[in-house]
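Asks: Take this structure, written in structure tokens, and hold onto it; I'll ask about it next.
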Amino acid sequence: MRVVAGKFKGRKIFQVPHSETRPTSDKIKEAIFHVLGPYFTGGKGLDLFAGSGALGIEALSRGLDSVIFIDHANAAIKTIHKNVNTLALTKEQAKVYRNDAKRALYRLAQAGEVFDIIFVDPPYQTTHYNEIIHKINKLNLIQLKGYIYIEHPPLQPINYDEHYFKQFFQRDYSESIAVTIIQAMKTND
């Protein structure tokens with residue numbers, strides 16, 4: 001697995017060893033980031049259920065200022081630290097926390113964090129996507145016009161409050177992988 005574009009283009013990213021994580025393929029990363037930009041002029045990202053950190057690292061490579069990486073698995077956290085160190089990312093660019101996703105959202109809100117893009121790429125069978133989207137909105141974690149990227153099974157419906165979000169992009173990439181991107185059109189004030 002490699003960084004597809006930007007300042008780290010071609011650099012190797014380590015995968016989580018002996019894991020049930022499902023890394024986002026380079027082909028899907030390239031397609032998705034072309035839809036989103038393909039480059040950012042600064043901003044802050046959250047890589048929730050980060051796994052190896054590949055999505056957040058790709059966003060940093062393409063111009064985000066900083067990304068917070070969250071995962072609950074020790075092997076994932078070690079892999080993210082290895083990737084961050086290999087790319088010589090600073091503490092200002094990359095912060096890595098071991099935590100449950102829902103608990104992490106509350107802590108980030110308490111710290112006053114707000115993001116331009118949030119990547120939600122969890123283990124398919126264990127996550128309530130719609131609950132995560134609702135918490136992100138309720139806790140005011142996404143900027144106006146910010147994006148939430150959701151990787152999910154094609155048959156999994158992604159529901160969100162149309163008062164706050166609009167669908168920006170949706171595509172099925174295989175029998176097991178779909179991507180939906182929603183954009184915040186109103187903040188939850």
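Labels used: A, B, ... for chains in the order of the structure tokens, numbers from 1 for residues in each chain, and numbers from 1 for ligands as shown.
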What's the 7 Å shell around Ile142 in chain A, counting only C-alpha atoms, without same-chain residues fewer than 3 positions away, as a PyMOL selection string?

Replies: chain A and resi 114-116+136-137+146

Asks: What parts of range 108-140 of chain A does DSSP call strand (DSSP E)? I'd like the answer as a PyMOL selection string.

Replies: chain A and resi 115-120

Asks: Could you pull out the alpha helix (DSSP H) residues of range 7-129 of chain A from DSSP and send them as an MDAnalysis selection string?

Replies: chainID A and resid 26:36 54:61 74:86 101:110 129

Asks: Tell me which of A:His34, A:Ala88, A:Gly6, A:Ala76 sits closest to Glu58 in chain A, counting only C-alpha atoms.

Replies: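 Selected residue with least distance to Glu58 in chain A: A:Gly6.
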
Asks: In terms of the shortest atom-to-atom distance over only C-alpha atoms, which of A:His163, A:Lys186, A:His81, A:Lys102 is closest to Lys135 in chain A?

Replies: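 Closest residue, counting only C-alpha atoms: A:Lys102.
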
Asks: Within 12 Å of Lys166 in chain A, counting only C-alpha atoms, which residues show up once you throw out same-chain ones fewer than 6 positions away? Write them as a list in words, please.

Replies: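 Non-adjacent residues within range: Leu144, Lys145, Gly146, Tyr147, Ile148, Ile158, Asn159, Tyr160, Thr180, Ile181, Ile182, Gln183, Ala184, Met185 and Lys186 of chain A.
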
Asks: Excluding Ser61 in chain A and its own-chain neighbours fewer than 6 positions away, which residues fall within 8 Å of it when counting only C-alpha atoms? Please give them as a list in words.

Replies: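 In the requested format, the answer is Val3, Ala5, Gly6, Lys7, Phe8 and Lys9 of chain A.
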
Asks: What is the CA of Pro17 in chain A-CA of Thr79 in chain A distance in Å, reported with one decimal?

Replies: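 Going from CA of Pro17 in chain A over to CA of Thr79 in chain A covers 8.1 Å.
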
Asks: Write out as a short mmCIF file (atom, residue, chain, number, x, y, z; two decimals) with N, CA and C atoms, in the first residue's frame the residues lying within 6 Å of range 63-71 of chain A, counting only C-alpha atoms and excluding same-chain residues fewer than 2 positions away.

Replies:
```
data_model
loop_
_atom_site.label_atom_id
_atom_site.label_comp_id
_atom_site.auth_asym_id
_atom_site.auth_seq_id
_atom_site.Cartn_x
_atom_site.Cartn_y
_atom_site.Cartn_z
N TYR A 39 -6.82 18.18 -4.10
CA TYR A 39 -5.86 18.64 -3.09
C TYR A 39 -6.55 19.62 -2.15
N PHE A 40 -6.03 19.70 -0.94
CA PHE A 40 -6.59 20.58 0.07
C PHE A 40 -5.68 21.80 0.25
N THR A 41 -6.27 22.90 0.65
CA THR A 41 -5.48 24.08 0.99
C THR A 41 -5.61 24.28 2.49
N GLY A 42 -4.99 23.38 3.22
CA GLY A 42 -5.06 23.41 4.67
C GLY A 42 -6.28 22.68 5.19
N GLY A 43 -6.55 22.86 6.47
CA GLY A 43 -7.70 22.22 7.10
C GLY A 43 -7.29 21.12 8.05
N LYS A 44 -8.32 20.60 8.72
CA LYS A 44 -8.10 19.60 9.77
C LYS A 44 -8.97 18.39 9.50
N GLY A 45 -8.39 17.21 9.67
CA GLY A 45 -9.11 15.96 9.43
C GLY A 45 -9.14 15.07 10.65
N LEU A 46 -10.12 14.17 10.66
CA LEU A 46 -10.25 13.12 11.68
C LEU A 46 -10.36 11.80 10.96
N ASP A 47 -9.46 10.88 11.27
CA ASP A 47 -9.49 9.52 10.72
C ASP A 47 -9.98 8.61 11.83
N LEU A 48 -11.29 8.39 11.85
CA LEU A 48 -11.95 7.58 12.87
C LEU A 48 -11.90 6.13 12.41
N PHE A 49 -11.63 5.18 13.30
CA PHE A 49 -11.41 3.77 12.92
C PHE A 49 -10.23 3.73 11.95
N ALA A 50 -9.14 4.35 12.31
CA ALA A 50 -8.05 4.66 11.38
C ALA A 50 -7.32 3.46 10.80
N ALA A 59 -4.70 12.31 3.02
CA ALA A 59 -5.21 13.69 3.13
C ALA A 59 -4.09 14.66 3.52
N LEU A 60 -3.21 14.27 4.43
CA LEU A 60 -2.06 15.10 4.79
C LEU A 60 -1.15 15.31 3.58
N SER A 61 -0.91 14.24 2.84
CA SER A 61 -0.06 14.32 1.66
C SER A 61 -0.63 15.29 0.63
N ALA A 73 -7.66 -0.52 18.54
CA ALA A 73 -6.79 -1.70 18.53
C ALA A 73 -5.32 -1.31 18.70
N GLN A 93 1.07 17.90 12.98
CA GLN A 93 0.42 17.34 11.80
C GLN A 93 -0.39 16.09 12.12
N ALA A 94 0.08 15.27 13.03
CA ALA A 94 -0.54 13.97 13.28
C ALA A 94 -0.60 13.67 14.77
N LYS A 95 -1.81 13.51 15.27
CA LYS A 95 -2.01 13.09 16.66
C LYS A 95 -2.70 11.74 16.63
N VAL A 96 -2.22 10.81 17.45
CA VAL A 96 -2.72 9.43 17.43
C VAL A 96 -3.23 9.08 18.81
N TYR A 97 -4.48 8.60 18.86
CA TYR A 97 -5.09 8.23 20.15
C TYR A 97 -5.73 6.86 20.07
N ARG A 98 -5.50 6.08 21.11
CA ARG A 98 -6.18 4.79 21.24
C ARG A 98 -7.45 5.04 22.04
N ASN A 99 -8.61 4.82 21.39
CA ASN A 99 -9.87 5.06 22.06
C ASN A 99 -11.00 4.43 21.25
#
```

Asks: Kindly give the distance, in Å, that separates CA of Thr86 in chain A and CA of Ala104 in chain A, rounded to a single decimal.

Replies: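 Straight-line distance from CA of Thr86 in chain A to CA of Ala104 in chain A works out to 25.3 Å.
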